[in-house]
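**Student:** Before I ask anything, here is the structure I am working with.
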Protein chains: 2
Amino acid sequence: MKTQSAVVERLLKYRDVMQKMKGLGFVRVFSDNLADAVGVSPSLVRKDFSIFGLTGNKRGGYQIEELIVRLNVILGKDRKQKIIIIGCGKMGRALMSYNGFPRVGIRVAAGFDSDPAILDEAAPIPILHISKIKDFITEKEIQVAILAVPESSAQSIIDSLKKTCIKGVINFAPVSLRSSDNFLIQSINVEQEIENIFYQIHFAEGATPVAEDVL
Amino acid sequence: MKTQSAVVERLLKYRDVMQKMKGLGFVRVFSDNLADAVGVSPSLVRKDFSIFGLTGNKRGGYQIEELIVRLNVILGKDRKQKIIIIGCGKMGRALMSYNGFPRVGIRVAAGFDSDPAILDEAAPIPILHISKIKDFITEKEIQVAILAVPESSAQSIIDSLKKTCIKGVINFAPVSLRSSDNFLIQSINVEQEIENIFYQIHFAEGATPVAEDVL
DNA sequence: TCCTTTTTGTTATTTAATTCACATGTTTTT
DNA sequence: AAAAACATGTGAATTAAATAACAAAAAGGA
Ligand SMILES: NC(=O)c1ccc[n+]([C@@H]2O[C@H](COP(=O)([O-])OP(=O)(O)OC[C@H]3O[C@@H](n4cnc5c(N)ncnc54)[C@H](O)[C@@H]3O)[C@@H](O)[C@H]2O)c1
Ligand SMILES: NC(=O)c1ccc[n+]([C@@H]2O[C@H](COP(=O)([O-])OP(=O)(O)OC[C@H]3O[C@@H](n4cnc5c(N)ncnc54)[C@H](O)[C@@H]3O)[C@@H](O)[C@H]2O)c1
């Protein structure tokens, strides 16, 4: 039931690169070019394309224009991608005004918070009270939410979202929330990424992580 | 030269879970418990531990207290983890005041920006002009930075950081920056995560991604 | 026209990651 | 004290992912 995230992430990167190439006036691209730009091997690029039935021309590479269109269909960019943001604190507000979303066709329909002091129903992207979230989701048919509430509220909000038509959540709280077949949760844990980097650095400097290194 | 990120990320999660269990008064934990909490199989937990020489007791499971200590050594949490934040716009400022960092022993030493209007040298976590970054990094021996500048500045800042003692960067700009052996870059691309979720949802709803499905 | 070059698309191979399976040491029960 | 119940630790087996290899198609000369 689960389609490989890794392949899809690469498709998104290929498309991104091609979009930029198109902007520079390029018309065709080779698997080598995409491989270099994205940091993978050319054969992986071709295999990824092959999985999704994306084809090019023997020798002439791939037509950028055409490939972007076909990728967009595969990636669902021909539909409107509406999201809501739950928790409009520092992180939530940064996300609400993030210009990277409209740029790729993602529209923030509203923010939600429990603190009455920060509500703003009249703003272009309104901040509504959390009690209105269920009706809003149903009415606007929202399928994806970003969760930017404190750790302590995260699980209970997830539980209530499961009763709505929300099908996927990006979670910024540093808790591990389990996702299931029909309810996807993708957590972004900044502190964990940093700790990981520190580990890699320390290890690269000569620390011995594994016992068998000694043998 | 590259130690598997995936294993380390799981170690970080195991430690996190154990920290919480410890707070609840637990003394020992079984691979099954950690597996459930983190969402992996029990044998993977044991194998991960085995790789790093972490052992428990044949029946009694693992001593939480002791295992956290040993994990912290492996993960380098016995050293101070100082970082800087480059680009103090909406995202950068959210990160500067993020309480999740001190909670796990990460200290933000300073922020840097090119806009004179937002500098604040006197704050507890100062915001300094970008021109001072090289000296600061050298003097304070900073090894890790978070990059939260616009896409257009990201690559040139990376280039200049490579000439300092910075060894790892978390990048929030939606550009693919290539990391090398002695300079790690971990990109966090929120819009890409969202696009991926939309794809997964759409696919789960019955879209046919692969040509061979028809056969 | 035919030969050479180039680049795809796909099959085979290799490498990596995860799960299985079970012998082994520990505790609990009878 | 023996038997039963349990959970670890690790090699073997499996599954998944990435790379390598190459035949076949297209383009550009000679
Ligand atoms: N600030 C950062 O840079 C940063 C970085 C990474 C992760 N995070 C995570 O993102 C989340 C938010 O962080 P923040 O710094 O914006 O915190 P914040 O305290 O600034 O904002 C949290 C917001 O959530 C609201 N809230 C609390 N309970 C709620 C509920 N039940 N329903 C609706 N809204 C509710 C609060 O009113 C507040 O506005 C936290 O889980 C944090 O760990 C933050
Ligand atoms: N805002 C978000 O929620 C969000 C989410 C995901 C990713 N991002 C990414 O994070 C980055 C920052 O986003 P933002 O919303 O905070 O933008 P912003 O415009 O609010 O902040 C950017 C800051 O970088 C500073 N800056 C520009 N060039 C600089 C340079 N050469 N040296 C030092 N500082 C420089 C600017 O003065 C500004 O303060 C962008 O790449 C954006 O795509 C932002």
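By convention in this document, the chains of the structure tokens carry letters A, B, ... by their order, each chain's residues are numbered from 1, and ligands are numbered from 1 in the order they are shown.
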Tell me, as a list in words, which residues lie within 8 Å of segment 2-9 of chain D, counting only C-alpha atoms (C1' of nucleotides); anything in the same chain fewer than 3 positions away does not count.
**Tutor:**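 Final neighbour list, sorted by chain and number: Phe30, Arg46, Ser50, Gly56, Asn57, Lys58, Arg59, Gly60 and Gly61 of chain B; DT28 and DT29 of chain C.
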**Student:** Write to file, as a short mmCIF file (atom, residue, chain, number, x, y, z; two decimals), in the first residue's frame, the residues of the selection just made, with all heavy atoms.
**Tutor:**
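Done, and the output landed in result-v6.cif:
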```cif
data_model
loop_
_atom_site.label_atom_id
_atom_site.label_comp_id
_atom_site.auth_asym_id
_atom_site.auth_seq_id
_atom_site.Cartn_x
_atom_site.Cartn_y
_atom_site.Cartn_z
N PHE B 30 12.30 -3.32 27.16
CA PHE B 30 12.58 -4.43 26.25
C PHE B 30 12.62 -3.93 24.82
O PHE B 30 12.04 -2.88 24.49
CB PHE B 30 11.49 -5.50 26.40
CG PHE B 30 11.36 -6.03 27.78
CD1 PHE B 30 10.14 -6.01 28.45
CD2 PHE B 30 12.47 -6.55 28.44
CE1 PHE B 30 10.02 -6.50 29.74
CE2 PHE B 30 12.36 -7.05 29.74
CZ PHE B 30 11.13 -7.02 30.38
N ARG B 46 17.35 -4.51 18.38
CA ARG B 46 18.47 -5.28 18.93
C ARG B 46 19.68 -5.20 18.02
O ARG B 46 20.81 -5.06 18.48
CB ARG B 46 18.06 -6.73 19.14
CG ARG B 46 16.93 -6.88 20.14
CD ARG B 46 16.86 -8.28 20.72
NE ARG B 46 16.55 -9.31 19.74
CZ ARG B 46 15.32 -9.64 19.34
NH1 ARG B 46 14.26 -9.02 19.87
NH2 ARG B 46 15.12 -10.59 18.46
N SER B 50 23.30 -3.77 18.83
CA SER B 50 24.42 -4.67 18.64
C SER B 50 25.54 -4.01 17.82
O SER B 50 26.73 -4.16 18.12
CB SER B 50 23.91 -5.93 17.95
OG SER B 50 24.92 -6.60 17.26
N GLY B 56 22.20 -5.64 26.74
CA GLY B 56 21.25 -5.69 27.85
C GLY B 56 21.42 -7.01 28.59
O GLY B 56 22.51 -7.58 28.58
N ASN B 57 20.36 -7.48 29.21
CA ASN B 57 20.43 -8.74 29.94
C ASN B 57 19.51 -9.75 29.29
O ASN B 57 18.39 -9.41 28.90
CB ASN B 57 19.99 -8.54 31.39
CG ASN B 57 20.62 -7.32 31.98
OD1 ASN B 57 20.19 -6.20 31.74
ND2 ASN B 57 21.66 -7.52 32.75
N LYS B 58 19.98 -10.97 29.21
CA LYS B 58 19.28 -12.02 28.49
C LYS B 58 17.81 -12.14 28.85
O LYS B 58 17.00 -12.50 28.04
CB LYS B 58 19.97 -13.37 28.68
CG LYS B 58 21.07 -13.62 27.65
CD LYS B 58 20.55 -14.15 26.35
CE LYS B 58 21.41 -13.81 25.15
NZ LYS B 58 22.69 -14.47 25.10
N ARG B 59 17.46 -11.87 30.03
CA ARG B 59 16.00 -11.83 30.23
C ARG B 59 15.49 -10.46 30.63
O ARG B 59 14.43 -10.02 30.23
CB ARG B 59 15.57 -12.86 31.28
CG ARG B 59 14.07 -12.83 31.45
CD ARG B 59 13.50 -14.09 31.96
NE ARG B 59 12.11 -13.92 32.32
CZ ARG B 59 11.36 -14.90 32.74
NH1 ARG B 59 11.88 -16.10 32.87
NH2 ARG B 59 10.10 -14.69 33.04
N GLY B 60 16.23 -9.76 31.40
CA GLY B 60 15.73 -8.52 31.99
C GLY B 60 15.66 -7.32 31.08
O GLY B 60 15.38 -6.21 31.51
N GLY B 61 15.93 -7.48 29.76
CA GLY B 61 15.90 -6.34 28.87
C GLY B 61 17.08 -5.40 29.10
O GLY B 61 18.18 -5.84 29.44
P DT C 28 12.40 -12.80 38.64
OP1 DT C 28 11.67 -11.52 38.64
OP2 DT C 28 13.29 -13.18 39.77
"O5'" DT C 28 11.35 -13.99 38.43
"C5'" DT C 28 10.52 -13.98 37.27
"C4'" DT C 28 9.76 -15.28 37.19
"O4'" DT C 28 10.66 -16.37 36.89
"C3'" DT C 28 9.03 -15.67 38.49
"O3'" DT C 28 7.66 -15.90 38.15
"C2'" DT C 28 9.75 -16.95 38.95
"C1'" DT C 28 10.26 -17.51 37.62
N1 DT C 28 11.43 -18.41 37.68
C2 DT C 28 11.33 -19.65 37.10
O2 DT C 28 10.32 -20.05 36.55
N3 DT C 28 12.48 -20.41 37.16
C4 DT C 28 13.67 -20.05 37.76
O4 DT C 28 14.61 -20.83 37.76
C5 DT C 28 13.71 -18.74 38.36
C7 DT C 28 14.95 -18.26 39.04
C6 DT C 28 12.60 -17.98 38.30
P DT C 29 6.60 -16.21 39.30
OP1 DT C 29 5.37 -15.47 38.95
OP2 DT C 29 7.22 -16.06 40.64
"O5'" DT C 29 6.34 -17.76 39.04
"C5'" DT C 29 6.17 -18.24 37.70
"C4'" DT C 29 6.09 -19.76 37.71
"O4'" DT C 29 7.43 -20.34 37.80
"C3'" DT C 29 5.29 -20.35 38.86
"O3'" DT C 29 4.42 -21.35 38.34
"C2'" DT C 29 6.36 -20.95 39.78
"C1'" DT C 29 7.42 -21.37 38.76
N1 DT C 29 8.81 -21.48 39.27
C2 DT C 29 9.53 -22.60 38.94
O2 DT C 29 9.10 -23.52 38.27
N3 DT C 29 10.82 -22.60 39.43
C4 DT C 29 11.43 -21.63 40.21
O4 DT C 29 12.57 -21.76 40.60
C5 DT C 29 10.60 -20.49 40.52
C7 DT C 29 11.14 -19.38 41.36
C6 DT C 29 9.33 -20.46 40.04
#
```
**Student:** When DSSP works through the backbone of this structure, what residues of chain B end up as strand (DSSP E), shown as number ranges by chain?
**Tutor:** B: 28-29, 62-63, 81-86, 106-113, 127-129, 144-147, 168-171, 184-187
**Student:** Hey, which residues sit close to ligand 1? Say within 6 Å, counting only C-alpha atoms (C1' of nucleotides) and all ligand atoms, and write them as number ranges by chain.
**Tutor:** A: 86-92, 112-115, 130, 148-151, 153, 172-174, 190; B: 94-95, 98, 100
**Student:** Taking 2 positions as the minimum chain separation for residues in the same chain, which residues sit within 12 Å of DG9 of chain C when counting only C-alpha atoms (C1' of nucleotides)? Answer as a list in words.
**Tutor:**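 Here the qualifying residues turn out to be Ser31, Ser43, Leu44, Val45, Arg46, Lys47, Asp48, Phe49, Ser50, Ile51, Gly53, Leu54, Thr55, Gly56, Asn57, Lys58, Arg59 and Gly61 of chain A; DT7 and DT11 of chain C; DC22, DA23, DA24 and DA25 of chain D.
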**Student:** Which residue is closest to chain C? Choose from A:Tyr62, A:Ser131, A:Gln192, A:Val73 and count only C-alpha atoms (C1' of nucleotides).
**Tutor:** A:Tyr62
**Student:** Closest to ligand 2 among B:Ser41, B:Ser180, B:Thr164, B:Gln155, using only C-alpha atoms and all ligand atoms?
**Tutor:**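 Comparing B:Ser41, B:Ser180, B:Thr164, B:Gln155 against ligand 2, the winner is B:Gln155.
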**Student:** Just the number, please: distance in Å from atom CA of Ile146 of chain A to atom CA of Ile170 of chain A, one decimal.
**Tutor:** 4.7 Å
**Student:** Kindly indicate which residue among B:Ala35, B:Ala117, B:Ile64, B:Val40 lies nearest to chain C, using only C-alpha atoms (C1' of nucleotides) for the distances.
**Tutor:**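 Using only C-alpha atoms (C1' of nucleotides), the shortest distance to chain C belongs to B:Val40.
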**Student:** Kindly determine which residues of chain C lie within 8 Å of chain B, considering only C-alpha atoms (C1' of nucleotides), and give the answer as a VMD selection string.
**Tutor:** chain C and resid 18 to 19 25 to 27
**Student:** Would you please extract all alpha helix (DSSP H) residues from segment 36-140 of chain B, as assigned by DSSP on the backbone, and give them as a ChimeraX atom specification?
**Tutor:** /B:36-38,42-51,64-74,90-96,100-103,133-140
**Student:** What does the distance from atom CA of Ile157 of chain B to atom CA of Ile85 of chain B come to in Å, to one decimal?
**Tutor:**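 Interatomic distance here is 12.0 Å.
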**Student:** Between atom CA of Ile201 of chain A and atom CA of Asp159 of chain B, what is the distance in Å, rounded to a tenth?
**Tutor:**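 Result for atom CA of Ile201 of chain A versus atom CA of Asp159 of chain B: 18.4 Å, one decimal.
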**Student:** Considering only C-alpha atoms (C1' of nucleotides), return as number ranges by chain whatever protein or nucleic-acid residues lie within 9 Å of segment 12-29 of chain A, sequence-local ones (same chain, fewer than 4 positions apart) excluded.
**Tutor:** A: 7-8, 33-35, 37-38, 45, 60-65, 67-68, 71-72, 75; B: 175-176, 192, 195-196
**Student:** Find the residues around DA12 of chain D up to 12 Å (only C-alpha atoms (C1' of nucleotides) counted), leave out those fewer than 2 positions away in its own chain, and share them as a PyMOL selection string.
**Tutor:** (chain C and resi 19-22) or (chain D and resi 10+14)
**Student:** How about saving the chosen residues, C-alpha atoms (C1' of nucleotides) kept, as a PDB file, in the first residue's frame?
**Tutor:**
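Produced file again30.pdb, reproduced below:
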```pdb
ATOM      1  C1'  DT C  19      13.668  -9.675   9.182  1.00  0.00           C
ATOM      2  C1'  DC C  20      13.944 -14.502  10.628  1.00  0.00           C
ATOM      3  C1'  DA C  21      15.229 -17.967  13.523  1.00  0.00           C
ATOM      4  C1'  DC C  22      17.213 -19.985  17.223  1.00  0.00           C
TER       5       DC C  22
ATOM      6  C1'  DT D  10      23.803 -12.775  16.202  1.00  0.00           C
ATOM      7  C1'  DT D  14      15.221 -12.407   2.699  1.00  0.00           C
TER       8       DT D  14
END
```
